[in-house]
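Asker: Before anything else, here's the structure in question.
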Amino acid sequence: MARLTGTRPVATRRWGCAAAFLLLLLTVQAAQKADFSGDATAATINHSLTLLQRLQELLQNGNGSDSVLRVRSAASDEAKVFHTHQLLLSLQSEVFESLLRNQSVVTLHEPPETAVLFEKFIRYLYCGGVSILLHQAIPMHQLASKYRVWGLQRGVAEYMRTHLASESSQGHVVGWYHYAVRVGDAALQESCLQFLAWNLSAVLGSAEWGSVSVELLLLLLERSDLVLHSELELYTAVEGWLSRRQPEAPVAERVLRAIRYPMIAPSQLFRLQAQSAVLARHRGAVQDLLFQAFQFHAASPLHFAKYFDVNCSMFLPRNYLAPSWGSQWVITNPARDDRSTSFQTQLGPSSHDAGKRVTWNVLFSPRWLPVSLRPVYSDSVAGAIQPVRIEDGRPRLVITPAMSSPDFAGVSFQKTVLVGVRQQGRVLVKHAYSFHQSSDEAADFLAQADLQKRTSEYLIDNSLHLHIIIKPVYHSLIKVKK
């Protein structure tokens, strides 16, 4: 091994070694991209795995090293030393190219969580691959960002987006969301936010609920696509969060005012007023909302809508899993034939409608053909019907009311279909399709799913797991001067 000092090594020796590496890389690349012009005797001889092994040995043994990285951390008095090669580091990182331009020994200061992964990080620069675990994703992304290794940065971000469902003891999605906000990764932010919204019940009961920031909590409370058992479940979780975090009064009041009290039954609202310490402490900030909720439950929706604006989020249900809002439907062997089912829901969230039920009919077809793909008859001799393949069809789900009633006046129904999948041993929501009363089906329902394959990610034990939710939406009909 060449003797390393604080000065720049002899240029001819360094660049001679570097040139050999570069020549080897270019030779393999040229061989892989060669155009043999249809010559039947042509073949590709690929020893790229051997090359990667040689590069690993270079890092491990320090053969031909022309630069040294000393990594120091506050967690240790000793520096980790890596004998490296300037060319390979510079090819991957413009930061290393700049650092090693005028010196061969560089001291780097890293926090403990990134210092412990630095060897993995350097190995990636040599071999183009790295294996990481859930708790290593953020520090590895930090290293990739700091040293501007853009391929690794994108790879880790993609790893995080595809491992949101992975199970961990303390949870990780909330932490990844906060990190994505800090680094400005909008795509990762949205992926985390959507996962949290569609699987909120699982998050509410986990250790990571307490780590939710005020900003994230308010973003979640604004959404109507939250999937959870009931609004009361959400209030209970928010009450626990407020009790642990003890935010300032304006923050606590803003959070409490985001609860949709009209979606909670009057008996439960009375109990909360009598037993909730959080509600008692901030009663003045939400008293108007509680009073309005009791009015909503006491009057007929048509009468209430004359005096209050019901076209706002306070009166819009979220995706509640309670039986009065919808039904679960497990379709075994969904690629086999058409299926149908029926279920009942409460007409609306108002207690005035508590005794009124709506029956819904649902039809599932695994191979419905759009008009553009249906058989076309022709008078020509060469075949009267265009051939149609089974795989040309797509799944179709149609939801219609089995009845009509004068009670429907002023009410429309938003239908939401949740599709559950098994990821990392857990059943989680992968898709949520929503469509309104004007349509009986979602136009793109499972458009990308291949239900013909038993290994389809949309199937759990060869069954399609759906949860159909009916969300009654009241509309203001007549405005009366107060």
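By order in the structure tokens, chains are A, B, ...; within a chain, residues start at 1; ligands start at 1, following the order shown.
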Might you pull out every residue within 12 Å of region 154-162 of chain A, with only C-alpha atoms counted and same-chain residues fewer than 5 positions away left off, and present them as a PyMOL selection string?
Answerer: chain A and resi 121+124+128-145+148-149+172-177+179-180+183-195+423-424+430
Asker: Among region 250-468 of chain A, which residues carry a DSSP assignment of strand (DSSP E), reported as a PyMOL selection string?
Answerer: chain A and resi 319-320+326-332+339-346+357-368+394-401+411-423+426-435+463-468
Asker: Mind checking which residues fall within 12 Å of Ala202 (chain A), counting only C-alpha atoms, ignoring those fewer than 4 positions away in the same chain, and posting them as an mmCIF file with N, CA and C atoms, in the first residue's frame?
Answerer:
```cif
data_model
loop_
_atom_site.group_PDB
_atom_site.id
_atom_site.type_symbol
_atom_site.label_atom_id
_atom_site.label_comp_id
_atom_site.auth_asym_id
_atom_site.auth_seq_id
_atom_site.Cartn_x
_atom_site.Cartn_y
_atom_site.Cartn_z
ATOM 1 N N ALA A 165 -45.701 0.452 5.064
ATOM 2 C CA ALA A 165 -46.514 -0.553 5.742
ATOM 3 C C ALA A 165 -45.695 -1.506 6.596
ATOM 4 N N GLU A 167 -43.788 -3.219 9.526
ATOM 5 C CA GLU A 167 -44.068 -3.135 10.948
ATOM 6 C C GLU A 167 -42.784 -2.896 11.730
ATOM 7 N N GLY A 171 -42.870 2.321 15.413
ATOM 8 C CA GLY A 171 -43.464 3.031 14.284
ATOM 9 C C GLY A 171 -42.425 3.913 13.618
ATOM 10 N N VAL A 173 -43.543 5.845 10.301
ATOM 11 C CA VAL A 173 -44.139 6.695 9.260
ATOM 12 C C VAL A 173 -44.213 8.149 9.717
ATOM 13 N N PHE A 195 -50.811 7.480 3.730
ATOM 14 C CA PHE A 195 -50.779 6.229 4.492
ATOM 15 C C PHE A 195 -51.376 6.434 5.881
ATOM 16 N N LEU A 196 -50.996 7.527 6.539
ATOM 17 C CA LEU A 196 -51.523 7.805 7.874
ATOM 18 C C LEU A 196 -53.030 8.012 7.830
ATOM 19 N N ALA A 197 -53.525 8.713 6.810
ATOM 20 C CA ALA A 197 -54.962 8.975 6.710
ATOM 21 C C ALA A 197 -55.746 7.688 6.488
ATOM 22 N N TRP A 198 -55.265 6.820 5.610
ATOM 23 C CA TRP A 198 -56.009 5.613 5.269
ATOM 24 C C TRP A 198 -55.863 4.507 6.306
ATOM 25 N N SER A 206 -50.837 3.221 18.369
ATOM 26 C CA SER A 206 -49.414 2.877 18.355
ATOM 27 C C SER A 206 -48.584 3.894 19.143
ATOM 28 N N ALA A 207 -47.317 3.539 19.347
ATOM 29 C CA ALA A 207 -46.415 4.414 20.095
ATOM 30 C C ALA A 207 -46.119 5.704 19.342
ATOM 31 N N GLU A 208 -46.224 5.709 18.014
ATOM 32 C CA GLU A 208 -45.844 6.898 17.262
ATOM 33 C C GLU A 208 -46.908 7.990 17.284
ATOM 34 N N TRP A 209 -48.115 7.693 17.790
ATOM 35 C CA TRP A 209 -49.148 8.732 17.847
ATOM 36 C C TRP A 209 -48.690 9.908 18.717
ATOM 37 N N LEU A 226 -60.026 10.340 6.244
ATOM 38 C CA LEU A 226 -59.486 9.544 7.338
ATOM 39 C C LEU A 226 -60.292 8.264 7.491
ATOM 40 N N VAL A 227 -59.598 7.136 7.637
ATOM 41 C CA VAL A 227 -60.262 5.847 7.825
ATOM 42 C C VAL A 227 -60.116 5.449 9.292
ATOM 43 N N LEU A 228 -61.240 5.409 9.997
ATOM 44 C CA LEU A 228 -61.239 5.036 11.410
ATOM 45 C C LEU A 228 -62.644 4.594 11.789
ATOM 46 N N HIS A 229 -62.776 4.050 12.985
ATOM 47 C CA HIS A 229 -64.052 3.458 13.363
ATOM 48 C C HIS A 229 -65.134 4.502 13.516
ATOM 49 N N GLU A 233 -63.776 7.838 18.276
ATOM 50 C CA GLU A 233 -62.437 7.256 18.383
ATOM 51 C C GLU A 233 -61.375 8.323 18.131
ATOM 52 N N LEU A 234 -61.618 9.186 17.156
ATOM 53 C CA LEU A 234 -60.669 10.254 16.862
ATOM 54 C C LEU A 234 -60.589 11.243 18.022
ATOM 55 N N ALA A 237 -58.500 9.837 20.863
ATOM 56 C CA ALA A 237 -57.064 9.879 20.564
ATOM 57 C C ALA A 237 -56.515 11.300 20.672
ATOM 58 N N ARG A 426 -49.517 -7.394 7.666
ATOM 59 C CA ARG A 426 -50.664 -6.629 8.167
ATOM 60 C C ARG A 426 -51.626 -6.322 7.021
ATOM 61 N N VAL A 427 -52.910 -6.267 7.325
ATOM 62 C CA VAL A 427 -53.912 -5.876 6.339
ATOM 63 C C VAL A 427 -54.093 -4.365 6.437
ATOM 64 N N LEU A 428 -53.791 -3.675 5.351
ATOM 65 C CA LEU A 428 -53.837 -2.220 5.329
ATOM 66 C C LEU A 428 -54.580 -1.748 4.084
ATOM 67 N N VAL A 429 -55.003 -0.496 4.101
ATOM 68 C CA VAL A 429 -55.715 0.078 2.961
ATOM 69 C C VAL A 429 -54.708 0.515 1.905
#
```
Asker: Just asking: which residues within region 275-345 of chain A are alpha helix (DSSP H) according to DSSP, as a short mmCIF file (atom, residue, chain, number, x, y, z; two decimals) with all heavy atoms, in the first residue's frame?
Answerer:
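What landed in part-v8.cif:
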```
data_model
loop_
_atom_site.label_atom_id
_atom_site.label_comp_id
_atom_site.auth_asym_id
_atom_site.auth_seq_id
_atom_site.Cartn_x
_atom_site.Cartn_y
_atom_site.Cartn_z
N GLN A 275 -67.39 14.07 31.42
CA GLN A 275 -66.22 13.31 31.86
C GLN A 275 -64.89 13.76 31.29
O GLN A 275 -63.83 13.44 31.85
CB GLN A 275 -66.42 11.82 31.51
CG GLN A 275 -67.64 11.19 32.15
CD GLN A 275 -67.83 9.75 31.73
OE1 GLN A 275 -67.04 9.18 30.98
NE2 GLN A 275 -68.92 9.13 32.22
N ALA A 277 -61.80 15.86 30.82
CA ALA A 277 -61.08 16.95 31.47
C ALA A 277 -60.60 17.97 30.45
O ALA A 277 -60.58 19.18 30.71
CB ALA A 277 -59.90 16.39 32.27
N VAL A 278 -60.20 17.48 29.26
CA VAL A 278 -59.72 18.39 28.21
C VAL A 278 -60.86 19.27 27.73
O VAL A 278 -60.70 20.49 27.55
CB VAL A 278 -59.13 17.57 27.04
CG1 VAL A 278 -58.89 18.48 25.83
CG2 VAL A 278 -57.83 16.89 27.46
N LEU A 279 -62.03 18.69 27.52
CA LEU A 279 -63.17 19.47 27.07
C LEU A 279 -63.62 20.47 28.13
O LEU A 279 -64.01 21.60 27.81
CB LEU A 279 -64.31 18.53 26.71
CG LEU A 279 -65.37 19.08 25.74
CD1 LEU A 279 -64.75 19.50 24.43
CD2 LEU A 279 -66.46 18.03 25.51
N ALA A 280 -63.55 20.07 29.41
CA ALA A 280 -63.91 20.99 30.49
C ALA A 280 -62.96 22.17 30.54
O ALA A 280 -63.38 23.31 30.78
CB ALA A 280 -63.91 20.24 31.81
N ARG A 281 -61.68 21.91 30.29
CA ARG A 281 -60.68 22.98 30.35
C ARG A 281 -60.84 23.98 29.21
O ARG A 281 -60.54 25.16 29.35
CB ARG A 281 -59.27 22.36 30.34
CG ARG A 281 -58.15 23.34 30.60
CD ARG A 281 -56.88 22.64 31.06
NE ARG A 281 -56.39 21.63 30.14
CZ ARG A 281 -56.42 20.31 30.37
NH1 ARG A 281 -56.94 19.85 31.51
NH2 ARG A 281 -55.95 19.45 29.50
N ARG A 283 -63.82 24.37 27.33
CA ARG A 283 -65.22 24.37 26.96
C ARG A 283 -65.62 25.65 26.23
O ARG A 283 -66.36 25.63 25.24
CB ARG A 283 -66.11 24.20 28.20
CG ARG A 283 -67.59 24.09 27.87
CD ARG A 283 -68.42 24.04 29.16
NE ARG A 283 -68.03 22.92 29.99
CZ ARG A 283 -68.51 21.69 29.86
NH1 ARG A 283 -69.40 21.44 28.91
NH2 ARG A 283 -68.12 20.72 30.67
N GLY A 284 -65.12 26.79 26.69
CA GLY A 284 -65.50 28.05 26.08
C GLY A 284 -65.13 28.14 24.60
O GLY A 284 -65.83 28.80 23.83
N ALA A 285 -64.04 27.46 24.20
CA ALA A 285 -63.57 27.54 22.82
C ALA A 285 -64.42 26.71 21.87
O ALA A 285 -64.42 26.97 20.66
CB ALA A 285 -62.11 27.10 22.73
N VAL A 286 -65.14 25.69 22.40
CA VAL A 286 -65.90 24.80 21.52
C VAL A 286 -67.38 24.77 21.88
O VAL A 286 -68.13 23.96 21.31
CB VAL A 286 -65.32 23.36 21.56
CG1 VAL A 286 -63.92 23.34 21.00
CG2 VAL A 286 -65.34 22.81 22.98
N GLN A 287 -67.80 25.63 22.79
CA GLN A 287 -69.19 25.60 23.22
C GLN A 287 -70.15 25.82 22.06
O GLN A 287 -71.20 25.17 21.97
CB GLN A 287 -69.42 26.68 24.29
CG GLN A 287 -70.79 26.60 24.97
CD GLN A 287 -70.94 25.32 25.79
OE1 GLN A 287 -70.04 24.95 26.55
NE2 GLN A 287 -72.05 24.63 25.61
N ASP A 288 -69.80 26.71 21.15
CA ASP A 288 -70.69 26.98 20.01
C ASP A 288 -70.81 25.76 19.10
O ASP A 288 -71.89 25.47 18.55
CB ASP A 288 -70.17 28.18 19.21
CG ASP A 288 -68.78 27.95 18.65
OD1 ASP A 288 -67.94 27.34 19.36
OD2 ASP A 288 -68.50 28.38 17.50
N LEU A 289 -69.71 25.01 18.95
CA LEU A 289 -69.75 23.81 18.10
C LEU A 289 -70.59 22.71 18.75
O LEU A 289 -71.34 22.00 18.06
CB LEU A 289 -68.33 23.30 17.84
CG LEU A 289 -67.40 24.25 17.09
CD1 LEU A 289 -66.03 23.60 16.90
CD2 LEU A 289 -67.99 24.64 15.74
N LEU A 290 -70.47 22.56 20.07
CA LEU A 290 -71.27 21.56 20.77
C LEU A 290 -72.76 21.90 20.69
O LEU A 290 -73.60 21.03 20.44
CB LEU A 290 -70.83 21.46 22.23
CG LEU A 290 -69.42 20.91 22.46
CD1 LEU A 290 -69.03 21.04 23.93
CD2 LEU A 290 -69.34 19.45 22.03
N PHE A 291 -73.10 23.18 20.88
CA PHE A 291 -74.49 23.60 20.81
C PHE A 291 -75.05 23.36 19.41
O PHE A 291 -76.17 22.88 19.23
CB PHE A 291 -74.59 25.09 21.18
CG PHE A 291 -76.00 25.62 21.16
CD1 PHE A 291 -76.97 25.07 21.99
CD2 PHE A 291 -76.35 26.65 20.31
CE1 PHE A 291 -78.28 25.56 21.98
CE2 PHE A 291 -77.65 27.15 20.29
CZ PHE A 291 -78.62 26.59 21.13
N GLN A 292 -74.24 23.66 18.40
CA GLN A 292 -74.68 23.44 17.02
C GLN A 292 -74.87 21.96 16.75
O GLN A 292 -75.79 21.56 16.03
CB GLN A 292 -73.65 24.03 16.07
CG GLN A 292 -74.09 24.06 14.61
CD GLN A 292 -73.04 24.65 13.70
OE1 GLN A 292 -71.91 24.16 13.62
NE2 GLN A 292 -73.40 25.74 13.02
N ALA A 293 -74.00 21.11 17.32
CA ALA A 293 -74.13 19.67 17.12
C ALA A 293 -75.43 19.15 17.72
O ALA A 293 -76.14 18.32 17.12
CB ALA A 293 -72.94 18.94 17.74
N PHE A 294 -75.81 19.62 18.93
CA PHE A 294 -77.06 19.20 19.53
C PHE A 294 -78.26 19.67 18.70
O PHE A 294 -79.24 18.94 18.53
CB PHE A 294 -77.16 19.74 20.96
CG PHE A 294 -76.33 18.97 21.96
CD1 PHE A 294 -75.30 19.58 22.66
CD2 PHE A 294 -76.58 17.62 22.19
CE1 PHE A 294 -74.54 18.87 23.58
CE2 PHE A 294 -75.81 16.90 23.11
CZ PHE A 294 -74.79 17.53 23.80
N GLN A 295 -78.19 20.88 18.16
CA GLN A 295 -79.25 21.36 17.27
C GLN A 295 -79.37 20.48 16.03
O GLN A 295 -80.47 20.17 15.57
CB GLN A 295 -78.96 22.81 16.87
CG GLN A 295 -79.12 23.83 17.97
CD GLN A 295 -78.76 25.22 17.49
OE1 GLN A 295 -77.63 25.47 17.05
NE2 GLN A 295 -79.71 26.14 17.55
N PHE A 296 -78.21 20.09 15.49
CA PHE A 296 -78.18 19.26 14.28
C PHE A 296 -78.89 17.93 14.53
O PHE A 296 -79.65 17.44 13.68
CB PHE A 296 -76.72 19.02 13.89
CG PHE A 296 -76.52 18.01 12.79
CD1 PHE A 296 -76.78 18.33 11.47
CD2 PHE A 296 -76.05 16.73 13.09
CE1 PHE A 296 -76.59 17.39 10.46
CE2 PHE A 296 -75.86 15.80 12.08
CZ PHE A 296 -76.13 16.14 10.77
N HIS A 297 -78.68 17.35 15.72
CA HIS A 297 -79.30 16.06 16.02
C HIS A 297 -80.77 16.20 16.38
O HIS A 297 -81.55 15.25 16.22
CB HIS A 297 -78.55 15.38 17.17
CG HIS A 297 -77.21 14.84 16.78
ND1 HIS A 297 -77.07 13.76 15.93
CD2 HIS A 297 -75.95 15.22 17.10
CE1 HIS A 297 -75.79 13.49 15.75
NE2 HIS A 297 -75.09 14.37 16.45
N ALA A 298 -81.18 17.36 16.87
CA ALA A 298 -82.56 17.53 17.34
C ALA A 298 -83.53 17.84 16.22
O ALA A 298 -84.69 17.41 16.26
CB ALA A 298 -82.61 18.63 18.40
N PRO A 301 -83.04 17.34 9.19
CA PRO A 301 -81.98 17.92 8.35
C PRO A 301 -82.49 19.01 7.43
O PRO A 301 -81.81 20.02 7.21
CB PRO A 301 -81.46 16.72 7.57
CG PRO A 301 -81.77 15.54 8.43
CD PRO A 301 -83.08 15.88 9.11
N LEU A 302 -83.70 18.86 6.88
CA LEU A 302 -84.24 19.88 5.98
C LEU A 302 -84.46 21.20 6.72
O LEU A 302 -84.16 22.27 6.20
CB LEU A 302 -85.55 19.39 5.36
CG LEU A 302 -85.43 18.37 4.23
CD1 LEU A 302 -86.81 17.91 3.79
CD2 LEU A 302 -84.66 18.94 3.05
N HIS A 303 -84.98 21.11 7.93
CA HIS A 303 -85.22 22.33 8.71
C HIS A 303 -83.89 22.95 9.14
O HIS A 303 -83.71 24.17 9.06
CB HIS A 303 -86.08 22.00 9.93
CG HIS A 303 -86.48 23.22 10.70
ND1 HIS A 303 -87.43 24.12 10.24
CD2 HIS A 303 -86.05 23.70 11.91
CE1 HIS A 303 -87.57 25.09 11.12
NE2 HIS A 303 -86.75 24.86 12.14
N PHE A 304 -82.96 22.11 9.58
CA PHE A 304 -81.66 22.61 10.03
C PHE A 304 -80.92 23.30 8.88
O PHE A 304 -80.27 24.34 9.07
CB PHE A 304 -80.82 21.43 10.56
CG PHE A 304 -79.48 21.82 11.11
CD1 PHE A 304 -79.35 22.25 12.43
CD2 PHE A 304 -78.34 21.76 10.33
CE1 PHE A 304 -78.12 22.61 12.94
CE2 PHE A 304 -77.10 22.11 10.83
CZ PHE A 304 -77.00 22.54 12.14
N ALA A 305 -81.03 22.73 7.67
CA ALA A 305 -80.31 23.28 6.52
C ALA A 305 -80.83 24.63 6.08
O ALA A 305 -80.15 25.34 5.33
CB ALA A 305 -80.37 22.30 5.35
N LYS A 306 -82.03 25.01 6.56
CA LYS A 306 -82.56 26.34 6.22
C LYS A 306 -81.82 27.45 6.96
O LYS A 306 -81.77 28.59 6.51
CB LYS A 306 -84.05 26.42 6.55
CG LYS A 306 -84.94 25.50 5.71
CD LYS A 306 -86.38 25.62 6.16
CE LYS A 306 -87.29 24.67 5.36
NZ LYS A 306 -88.70 24.78 5.83
N TYR A 307 -81.23 27.11 8.10
CA TYR A 307 -80.64 28.13 8.96
C TYR A 307 -79.11 28.03 9.07
O TYR A 307 -78.48 28.99 9.51
CB TYR A 307 -81.25 28.03 10.36
CG TYR A 307 -82.73 28.32 10.38
CD1 TYR A 307 -83.66 27.29 10.21
CD2 TYR A 307 -83.20 29.62 10.54
CE1 TYR A 307 -85.02 27.55 10.21
CE2 TYR A 307 -84.56 29.89 10.55
CZ TYR A 307 -85.47 28.85 10.38
OH TYR A 307 -86.82 29.12 10.37
#
```
Asker: May I ask for the distance between CA of Glu215 (chain A) and CA of Arg257 (chain A), given in Å to one decimal place?
Answerer: 14.6 Å
Asker: Would you mind reading off the distance between CA of Val473 (chain A) and CA of Met263 (chain A), one decimal, in Å?
Answerer: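 If I compute the distance from CA of Val473 (chain A) to CA of Met263 (chain A), I get 11.7 Å.
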Asker: Under the rule that only C-alpha atoms are counted, which of A:Asn199, A:Val238, A:Gln344, A:Cys127 is the nearest residue to Leu52 (chain A)?
Answerer: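 Closest residue, counting only C-alpha atoms: A:Cys127.
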Asker: Have a look at A:Leu464, A:Val362, A:Val330, A:Val255 and name the one nearest to Val214 (chain A); count only C-alpha atoms.
Answerer: A:Val255
Asker: Could you name the residues that touch region 64-77 of chain A at 6 Å or less, counting only C-alpha atoms, but leaving out those on the same chain fewer than 2 positions away, as a ChimeraX atom specification?
Answerer: /A:1,62,79-85,104-112
Asker: Write the selection just made, keeping all heavy atoms, as a short mmCIF file (atom, residue, chain, number, x, y, z; two decimals), in the first residue's frame?
Answerer:
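again-v1.cif was written with the following content:
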```cif
data_model
loop_
_atom_site.label_atom_id
_atom_site.label_comp_id
_atom_site.auth_asym_id
_atom_site.auth_seq_id
_atom_site.Cartn_x
_atom_site.Cartn_y
_atom_site.Cartn_z
N MET A 1 0.85 -1.19 0.00
CA MET A 1 0.00 0.00 0.00
C MET A 1 0.89 1.24 0.00
O MET A 1 1.90 1.30 0.68
CB MET A 1 -0.91 -0.01 1.24
CG MET A 1 -1.91 1.14 1.30
SD MET A 1 -2.75 1.21 2.89
CE MET A 1 -3.44 -0.44 2.92
N GLY A 62 -7.58 -1.62 0.89
CA GLY A 62 -6.89 -0.36 0.69
C GLY A 62 -5.82 -0.40 -0.38
O GLY A 62 -4.95 0.48 -0.42
N ALA A 79 -11.42 8.01 15.70
CA ALA A 79 -11.93 8.25 14.35
C ALA A 79 -11.91 6.94 13.55
O ALA A 79 -10.98 6.13 13.68
CB ALA A 79 -11.10 9.30 13.65
N LYS A 80 -12.91 6.75 12.73
CA LYS A 80 -12.92 5.63 11.79
C LYS A 80 -12.13 6.04 10.56
O LYS A 80 -12.33 7.14 10.01
CB LYS A 80 -14.34 5.26 11.39
CG LYS A 80 -15.13 4.58 12.48
CD LYS A 80 -16.50 4.13 11.94
CE LYS A 80 -17.28 3.39 13.00
NZ LYS A 80 -18.61 2.94 12.48
N VAL A 81 -11.23 5.18 10.11
CA VAL A 81 -10.34 5.52 9.00
C VAL A 81 -10.69 4.65 7.80
O VAL A 81 -10.81 3.42 7.92
CB VAL A 81 -8.87 5.33 9.39
CG1 VAL A 81 -7.96 5.66 8.20
CG2 VAL A 81 -8.52 6.19 10.59
N PHE A 82 -10.86 5.30 6.65
CA PHE A 82 -11.16 4.59 5.41
C PHE A 82 -10.11 4.95 4.36
O PHE A 82 -9.92 6.13 4.06
CB PHE A 82 -12.55 4.98 4.88
CG PHE A 82 -13.68 4.65 5.83
CD1 PHE A 82 -14.11 5.58 6.76
CD2 PHE A 82 -14.30 3.42 5.78
CE1 PHE A 82 -15.14 5.30 7.63
CE2 PHE A 82 -15.33 3.11 6.65
CZ PHE A 82 -15.76 4.05 7.59
N HIS A 83 -9.40 3.94 3.86
CA HIS A 83 -8.41 4.13 2.79
C HIS A 83 -9.16 4.00 1.46
O HIS A 83 -9.64 2.93 1.10
CB HIS A 83 -7.29 3.09 2.89
CG HIS A 83 -6.50 3.22 4.17
ND1 HIS A 83 -5.40 4.04 4.28
CD2 HIS A 83 -6.69 2.65 5.38
CE1 HIS A 83 -4.93 3.96 5.51
NE2 HIS A 83 -5.69 3.11 6.20
N THR A 84 -9.26 5.09 0.74
CA THR A 84 -10.14 5.15 -0.42
C THR A 84 -9.38 5.55 -1.68
O THR A 84 -8.16 5.74 -1.66
CB THR A 84 -11.28 6.15 -0.16
OG1 THR A 84 -10.71 7.45 0.09
CG2 THR A 84 -12.11 5.73 1.05
N HIS A 85 -10.13 5.69 -2.76
CA HIS A 85 -9.57 6.03 -4.07
C HIS A 85 -10.33 7.22 -4.62
O HIS A 85 -11.55 7.17 -4.81
CB HIS A 85 -9.66 4.83 -5.01
CG HIS A 85 -9.01 3.59 -4.45
ND1 HIS A 85 -9.66 2.77 -3.55
CD2 HIS A 85 -7.77 3.06 -4.66
CE1 HIS A 85 -8.84 1.77 -3.22
NE2 HIS A 85 -7.70 1.92 -3.89
N SER A 104 -5.18 14.91 0.46
CA SER A 104 -5.41 13.47 0.39
C SER A 104 -5.92 12.89 1.70
O SER A 104 -6.36 11.74 1.74
CB SER A 104 -4.11 12.75 0.01
OG SER A 104 -3.12 13.01 0.99
N VAL A 105 -5.88 13.65 2.78
CA VAL A 105 -6.41 13.21 4.06
C VAL A 105 -7.49 14.21 4.48
O VAL A 105 -7.21 15.40 4.63
CB VAL A 105 -5.33 13.11 5.15
CG1 VAL A 105 -5.94 12.68 6.48
CG2 VAL A 105 -4.24 12.13 4.72
N VAL A 106 -8.71 13.73 4.68
CA VAL A 106 -9.84 14.60 5.01
C VAL A 106 -10.50 14.08 6.29
O VAL A 106 -10.76 12.88 6.42
CB VAL A 106 -10.88 14.62 3.88
CG1 VAL A 106 -12.09 15.47 4.28
CG2 VAL A 106 -10.26 15.17 2.61
N THR A 107 -10.75 14.98 7.22
CA THR A 107 -11.46 14.64 8.46
C THR A 107 -12.90 15.10 8.34
O THR A 107 -13.18 16.28 8.06
CB THR A 107 -10.79 15.31 9.68
OG1 THR A 107 -9.45 14.84 9.80
CG2 THR A 107 -11.56 14.96 10.96
N LEU A 108 -13.81 14.18 8.55
CA LEU A 108 -15.24 14.45 8.44
C LEU A 108 -15.89 14.31 9.82
O LEU A 108 -15.59 13.37 10.56
CB LEU A 108 -15.91 13.49 7.47
CG LEU A 108 -15.30 13.42 6.06
CD1 LEU A 108 -15.93 12.28 5.27
CD2 LEU A 108 -15.51 14.74 5.33
N HIS A 109 -16.77 15.22 10.17
CA HIS A 109 -17.48 15.17 11.45
C HIS A 109 -18.94 14.80 11.19
O HIS A 109 -19.66 15.49 10.47
CB HIS A 109 -17.38 16.52 12.16
CG HIS A 109 -15.97 16.90 12.52
ND1 HIS A 109 -15.37 16.49 13.69
CD2 HIS A 109 -15.04 17.63 11.83
CE1 HIS A 109 -14.12 16.96 13.73
NE2 HIS A 109 -13.90 17.65 12.61
N GLU A 110 -19.36 13.68 11.78
CA GLU A 110 -20.70 13.17 11.57
C GLU A 110 -21.38 12.91 12.91
O GLU A 110 -20.74 12.51 13.87
CB GLU A 110 -20.66 11.85 10.79
CG GLU A 110 -20.16 11.97 9.36
CD GLU A 110 -21.13 12.72 8.47
OE1 GLU A 110 -22.34 12.76 8.81
OE2 GLU A 110 -20.69 13.27 7.45
N PRO A 111 -22.69 13.14 12.98
CA PRO A 111 -23.44 12.75 14.19
C PRO A 111 -23.42 11.23 14.33
O PRO A 111 -23.20 10.51 13.36
CB PRO A 111 -24.85 13.29 13.92
CG PRO A 111 -24.93 13.49 12.45
CD PRO A 111 -23.55 13.79 11.98
N PRO A 112 -23.65 10.71 15.54
CA PRO A 112 -23.53 9.26 15.77
C PRO A 112 -24.38 8.41 14.83
O PRO A 112 -23.93 7.36 14.37
CB PRO A 112 -24.00 9.11 17.23
CG PRO A 112 -23.74 10.44 17.86
CD PRO A 112 -23.96 11.45 16.78
#
```
Asker: So which residues touch region 340-343 of chain A within 8 Å, counting only C-alpha atoms, skipping near sequence neighbours fewer than 3 positions away, as a ChimeraX atom specification?
Answerer: /A:326-327,359-364
Asker: Store the residues picked out above in a file with C-alpha atoms, as an mmCIF file, in the first residue's frame.
Answerer:
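The resulting result22.cif:
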```cif
data_model
loop_
_atom_site.group_PDB
_atom_site.id
_atom_site.type_symbol
_atom_site.label_atom_id
_atom_site.label_comp_id
_atom_site.auth_asym_id
_atom_site.auth_seq_id
_atom_site.Cartn_x
_atom_site.Cartn_y
_atom_site.Cartn_z
ATOM 1 C CA GLY A 326 -71.159 0.552 5.474
ATOM 2 C CA SER A 327 -70.116 -3.054 5.192
ATOM 3 C CA THR A 359 -80.637 -0.655 1.423
ATOM 4 C CA TRP A 360 -77.774 -0.836 -1.058
ATOM 5 C CA ASN A 361 -77.167 -3.387 -3.801
ATOM 6 C CA VAL A 362 -73.607 -4.043 -4.960
ATOM 7 C CA LEU A 363 -72.495 -5.876 -8.107
ATOM 8 C CA PHE A 364 -68.903 -6.962 -8.696
#
```
Asker: Measuring atom to atom with only C-alpha atoms, identify which of A:Gln452, A:Thr332, A:Ser90, A:Ser243 is nearest to Arg367 (chain A).
Answerer: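 Going through A:Gln452, A:Thr332, A:Ser90, A:Ser243 one by one, the smallest distance to Arg367 (chain A) is for A:Gln452.
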Asker: Would you list the contacts of Tyr147 (chain A) as a PyMOL selection string, taking every protein, DNA or RNA residue within 10 Å and counting only C-alpha atoms, but skipping same-chain residues closer than 3 positions in sequence?
Answerer: chain A and resi 92-97+142-144+150+153
Asker: Residues as selected, C-alpha atoms, written as a CSV table (one decimal), in the first residue's frame, can you do that?
Answerer:
```csv
chain,number,residue,atom,x,y,z
A,92,GLN,CA,-20.2,9.4,-7.3
A,93,SER,CA,-20.0,12.6,-5.3
A,94,GLU,CA,-19.2,16.2,-6.4
A,95,VAL,CA,-18.6,17.0,-2.7
A,96,PHE,CA,-15.8,14.4,-2.4
A,97,GLU,CA,-14.4,15.6,-5.7
A,142,GLN,CA,-28.9,12.4,5.2
A,143,LEU,CA,-25.5,11.0,4.1
A,144,ALA,CA,-26.6,10.8,0.5
A,150,TRP,CA,-28.2,11.7,-5.9
A,153,GLN,CA,-30.8,9.7,-2.2
```
